[in-house]
Structures are given as C-alpha cells and as structure tokens.
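In what follows, a structure is listed as structure tokens, so that the remarks can point back to it.
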Amino acid sequence: MTPSDRDGSARRSPLASSSHPPAPSSSPPRPTLSLVPRSANPPKPHYSPLALWHLLSLDAPSVAALWTFAIAHALGLHLPWTEPAAMFLAVWMLYAADRILDARILDARILDTPPLPAAHALPDLQDRHRFHHRHRRAFFLTIVFAALALAALLHTLDPRALHLYALLATLLGVWLLLIHARPIPAADTHRLPKELAVGIFFPAAVFIPTVARLPQLRLDLLPVALLLAAVCTLNCLFLYAWEHPGARPHAHWTTRWLTSHLVTLSLFIALASAAVLIISLRSPNPLPSPHTLAASALLASCTLLSALLLLLLHELRHHLKPVHLRALADLVLLTPALILPLAALLTTPTR
C-alpha cells in the first residue's frame with residue numbers, strides 16, 4: 001500500500017468498513033474518486049552504455065585504474081596487473097557505498113515516516129542515487145564479493161604502498177564519517193566540501209604505487225600531482241554546479257566561491273598544465289632524469305586536455321541529458337588513454 005493509499009483510507013469513515021449496509025438516502029449517490037491504477041508491468045528504463053558506465057559506479061574506478069597505470073608507465077615502471085585491479089575495486093566499493101549512503105533519505109519517503117521539520121532541506125538526489133537505491137541489494141552483494149577479491153589482491157601489493165594506503169584510508173575514513181554522520185543540512189548549516197576532499201585523496205591514491213617504489217621522485221612529481229588534484233577538484237565542482245544551479249545556500253563557502261569562478265579556474269589549470277608541459281620539454285637541467293621530464297610532460301598534457309574538455313562540457317551542458325553530462329565529466333578524465341601511446345616514445349632512453 002502506497003502512502004497515498006494509506007492517507008485515502010484514513011480519511012474514510014469507519015462505517016465504510018462495517019458489514020452493515022449503509023442507510024438509505026433520498027439524494028442520488030455521489031460518484032467516488034479512485035486513483036488511476038498502476039500498470040502491472042511498468043516499462044523498464046533503457047540506459048545507454050555511457051549512462052550505465054556512470055550509474056554502475058564504473059566511472060571513477062576506471063579513471064583511478066587508468067591514471068595508476070599511466071603514471072607508472074610514463075616513468076618506465078612496470079606495475080603488476082594487481083595494482084590497477086586493486087585500485088579499481090577499492091574505488092568502486094567506496095563510490096558505490098557513498099552513493100547508497102547519499103540515497104538513504106529515500107527509505108524515509110518509501111516507508112512514509114513522519115516528515116522532516118520545515119527547516120530541514122532534503123538532499124538533492126540524482127539518477128545515480130536513485131539507481132543505487134533501487135538496486136541496493138545487488139550493490140551490497142557485489143560490494144561483499146569485491147571486498148573479498150580486494151583482500152586477496154592486497155597480499156600481492158608492495159608493502160611500502162600498503163603502508164601509504166593504510167594512512168590514506170584512515171584519513172579518508174575520518175573524512176567520510178564527518179560527512180555522513182552529520183544530520184541533513186538545515187537552512188543554517190553548510191555542507192562539508194566533498195569536492196575538495198576528492199581533489200586531495202584521489203591523486204594521492206593513484207600516485208602511491210609509483211612513489212612507493214621510486215620515493216626519490218616524490219618532489220619531482222609533485223607539480224603533476226597538484227595538477228591532477230586540481231583537475232579532479234574541477235571535475236567535482238563542475239558536477240556540483242550543474243546539479244545545483246542557483247545560490248547553493250547549503251554548500252560550503254569554498255564550494256560556493258569556486259563554483260562562481262569555474263571558467264577562470266579552468267583556464268588557470270589549463271595554463272598551469274601548459275607551463276609544466278613546456279618547462280618539462282625545454283628543461284636543460286639533466287636532473288631530474290629524462291624519464292621524469294618525459295613523464296611530467298605526458299601527464300601535464302593529460303591534465304591540460306581534461307581541463308579544456310571540462311570547460312567545453314560546461315558550454316554544452318544545456319544540450320546534454322543530465323546523466324550523460326555526468327558521465328562525460330568523468331570520461332574526459334580518461335585522457336591518458338589518448339596520449340598514453342606516446343609514452344613508449346617519450347620514455348625510451350637515449351643511447
């Protein structure tokens with residue numbers, strides 16, 4: 001029984017359910033209103049492959065696994081397949097669980113619990129949240145199997161990388177607890193800046209397998225890591241701006257300010273990427289090594305292209321379906337797949 005059915009039954013007189021026939025009346029019976037019957041087999045929505053890639057939470061794991069491989073490959077470092085695979089599983093579990101938690105408010109709507117106070121605002125639920133809530137049992141079961149597979153892969157990872165991952169996971173767990181443990185934001189509260197958190201944790205995770213094996217290159221790779229952090233943050237800021245047009249009163253003040261300057265921020269990140277690219281290609285200094293310079297040039301060209309493509313999507317946002325726009329925002333972060341073939345040439349040592 002739906003909430004509207006329960007409300008309708010509550011408004012009926014108790015005599016309506018009695019077994020005694022109603023008393024005769026001289027006035028003609030008034031026609032009764034009835035709800036339009038629902039279809040026994042409602043049509044199932046049809047999703048494009050691009051939409052499913054996003055709705056199944058495969059977008060962010062794909063980006064993480066590709067960048068994990070690209071960073072190491074650009075430096076001529078061979079990673080075992082277990083490293084990107086473990087990254088894919090860990091990021092998928094994190095994003096799927098996060099979207100299910102974001103959609104937990106649907107339980108209150110379906111179960112017809114008492115409404116929230118007027119001062120509280122319900123969080124905005126997008127297609128990905130509704131999809132995860134609708135198929136939450138399947139997602140929960142898949143998360144369990146993914147956790148078992150990840151546990152098996154962890155034994156094959158580099159111990160130095162595992163120590164860094166443990167530290168990063170602890171910090172990320174504290175941050176997610178702060179986000180999801182808070183009550184639904186009211187008119188006088190502000191949403192914690194999840195966008196900035198993604199910009200910090202995401203690049204840190206994908207650089208760990210490489211810097212754990214080559215710790216002497218941490219400072220040399222820092223400019224590129226900062227560029228990737230900026231692009232990931234830009235990606236989240238564009239998504240938040242597209243899904244929350246207007247004043248965004250519940251956003252953190254940093255999110256409100258940054259989403260008001262997205263075009264300027266995109267151009268700044270693109271110019272910074274171009275500067276790192278040019279400096280890496282023209283640097284006369286033999287230190288860092290030619291491999292590091294080539295890797296910096298390759299990865300900076302990826303962030304440059306991603307920043308420009310995000311800006312292009314921003315201009316075309318009114319001509320795309322929301323679910324496709326959301327998926328394309330992550331698809332443009334797969335730029336290493338376009339530029340990666342050049343890595344073999346750029347990282348070939350000179351004789």
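Each chain in the structure tokens gets a letter, A, B, ..., in the order shown, and its residues are numbered from 1; ligands are numbered from 1 in order too.
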Fill in: All residues 7 Å or closer to Leu239 of chain A, only C-alpha atoms, same chain fewer than 4 positions away omitted, as a VMD selection string
chain A and resid 235 243 326
Keeping only N, CA, C and O atoms, take the residues you just selected and write them out as a compact mmCIF listing (two decimals), in the first residue's frame.
# COMPACT_ATOMS: atom_id res chain seq x y z
N ASN A 235 36.57 18.81 -11.72
CA ASN A 235 35.54 17.88 -12.15
C ASN A 235 34.37 17.87 -11.17
O ASN A 235 33.20 17.98 -11.55
N GLU A 243 24.45 20.32 -11.04
CA GLU A 243 23.35 19.68 -10.32
C GLU A 243 22.69 20.61 -9.30
O GLU A 243 21.62 20.28 -8.79
N ARG A 326 26.87 13.96 -16.69
CA ARG A 326 27.60 13.48 -15.53
C ARG A 326 28.63 12.42 -15.92
O ARG A 326 29.76 12.42 -15.41
All residues 10 Å or closer to Arg104 of chain A, only C-alpha atoms, same chain fewer than 6 positions away omitted, as a ChimeraX atom specification
/A:125,129-130,132-133
- request: Go through A:Cys302, A:Ala85, A:Ala307, A:Ala272 one by one, measure the shortest atom-to-atom distance of each to Ala152 of chain A using only C-alpha atoms, and give the residue with the smallest value.
  value: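 Under the stated criterion, the closest residue is A:Ala85.
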Self-check item: Straight-line distance linking atom CA of Ile100 of chain A with atom CA of Phe140 of chain A, stated in Å to one decimal
Solution: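 Answer for the atom CA of Ile100 of chain A to atom CA of Phe140 of chain A separation: 9.2 Å.
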Practice prompt. Skip Thr156 of chain A itself and residues of its chain fewer than 5 positions away, then list as a list in words all residues within 12 Å of it, counting only C-alpha atoms.
Written response: Leu79, Pro80, Trp81, Thr82, Glu83, Pro84, Ala85, Ala86, Ala149, Leu150, Ala151, Ala161 and Leu162 of chain A
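Between Ala74 of chain A and the candidates A:Pro215, A:Pro341, A:Pro249, A:Pro322, the tightest atom-to-atom separation, counting only C-alpha atoms, involves A:Pro341.
By chain and then residue number, the residues within 9 Å of Val63 of chain A are Leu58, Asp59, Ala60, Pro61, Ala65, Leu66, Trp67, Thr68, Phe88, Asp330, Leu331, Leu333 and Leu334 of chain A, counting only C-alpha atoms and disregarding those fewer than 2 positions away in sequence.
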- Looking at only C-alpha atoms, which of A:Ala275, A:Met87, A:Phe268, A:Arg128 is the one that sits closest to Ala103 of chain A?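 For Ala103 of chain A, the nearest of the candidates is A:Arg128.
Remark: for Leu227 of chain A, the closest of the candidate residues A:Leu262, A:Ala270, A:Leu141, A:His252 is A:Ala270 (distances computed over only C-alpha atoms).
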Output as a Markdown table one row per residue of segment 221-266 of chain A within 12 Å of segment 193-211 of chain A: the closest atom pair and its distance in Å to one decimal place, counting only C-alpha atoms, sorted by chain and residue number ascending.
| residue | atom | partner | partner_atom | distance |
| --- | --- | --- | --- | --- |
| A:Leu221 | CA | A:Val211 | CA | 8.6 |
| A:Leu222 | CA | A:Phe207 | CA | 9.8 |
| A:Pro223 | CA | A:Pro203 | CA | 11.6 |
| A:Val224 | CA | A:Pro203 | CA | 9.6 |
| A:Ala225 | CA | A:Pro203 | CA | 6.3 |
| A:Leu226 | CA | A:Pro203 | CA | 8.0 |
| A:Leu227 | CA | A:Pro203 | CA | 9.1 |
| A:Leu228 | CA | A:Pro203 | CA | 6.2 |
| A:Ala229 | CA | A:Gly199 | CA | 4.5 |
| A:Ala230 | CA | A:Gly199 | CA | 6.3 |
| A:Val231 | CA | A:Gly199 | CA | 7.6 |
| A:Cys232 | CA | A:Gly199 | CA | 5.1 |
| A:Thr233 | CA | A:Gly199 | CA | 4.5 |
| A:Leu234 | CA | A:Gly199 | CA | 8.2 |
| A:Asn235 | CA | A:Glu195 | CA | 8.4 |
| A:Cys236 | CA | A:Glu195 | CA | 5.2 |
| A:Leu237 | CA | A:Glu195 | CA | 6.2 |
| A:Phe238 | CA | A:Glu195 | CA | 9.7 |
| A:Leu239 | CA | A:Glu195 | CA | 9.3 |
| A:Tyr240 | CA | A:Glu195 | CA | 8.3 |
| A:Ala241 | CA | A:Glu195 | CA | 11.0 |
| A:His250 | CA | A:Pro193 | CA | 10.4 |
| A:Ala251 | CA | A:Pro193 | CA | 7.3 |
| A:His252 | CA | A:Pro193 | CA | 5.7 |
| A:Trp253 | CA | A:Pro193 | CA | 8.5 |
| A:Thr254 | CA | A:Pro193 | CA | 7.3 |
| A:Thr255 | CA | A:Pro193 | CA | 6.4 |
| A:Arg256 | CA | A:Pro193 | CA | 9.7 |
| A:Trp257 | CA | A:Pro193 | CA | 11.6 |
| A:Leu258 | CA | A:Glu195 | CA | 10.3 |
| A:Thr259 | CA | A:Glu195 | CA | 10.7 |
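Interatomic distance, atom CA of Leu154 of chain A against atom CA of Leu55 of chain A: 26.8 Å.
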Can you list, as a VMD selection string, all residues belonging to segment 195-313 of chain A that DSSP tags as helix (DSSP H, G or I)? chain A and resid 195 to 213 215 to 217 222 to 243 253 to 259 262 to 282 290 to 313
Worksheet entry | Non-local contacts of Ala300 of chain A (8 Å; only C-alpha atoms; under 3 positions in same chain excluded) as number ranges by chain | A: 224, 227, 273-274, 276-277, 296-297, 303-304
Could you write those residues out with N, CA and C atoms, as a short mmCIF file (atom, residue, chain, number, x, y, z; two decimals), in the first residue's frame?
data_model
loop_
_atom_site.label_atom_id
_atom_site.label_comp_id
_atom_site.auth_asym_id
_atom_site.auth_seq_id
_atom_site.Cartn_x
_atom_site.Cartn_y
_atom_site.Cartn_z
N VAL A 224 52.98 17.68 -11.07
CA VAL A 224 51.97 16.94 -11.83
C VAL A 224 50.87 16.43 -10.90
N LEU A 227 48.56 19.21 -10.27
CA LEU A 227 47.70 19.45 -11.44
C LEU A 227 46.56 18.44 -11.50
N SER A 273 49.00 23.70 -16.53
CA SER A 273 49.40 22.45 -17.17
C SER A 273 50.29 22.72 -18.38
N ALA A 274 49.92 23.72 -19.16
CA ALA A 274 50.75 24.07 -20.32
C ALA A 274 52.14 24.53 -19.89
N VAL A 276 53.82 23.59 -17.15
CA VAL A 276 54.58 22.40 -16.74
C VAL A 276 55.00 21.59 -17.96
N LEU A 277 54.13 21.51 -18.95
CA LEU A 277 54.44 20.78 -20.18
C LEU A 277 55.63 21.41 -20.90
N SER A 296 56.51 13.92 -16.79
CA SER A 296 55.84 15.17 -16.42
C SER A 296 55.17 15.81 -17.62
N ALA A 297 55.85 15.80 -18.77
CA ALA A 297 55.26 16.36 -19.98
C ALA A 297 54.03 15.58 -20.40
N THR A 303 46.35 16.49 -18.12
CA THR A 303 45.55 17.43 -17.31
C THR A 303 45.14 18.65 -18.12
N LEU A 304 46.01 19.08 -19.04
CA LEU A 304 45.65 20.21 -19.91
C LEU A 304 44.43 19.87 -20.75
#
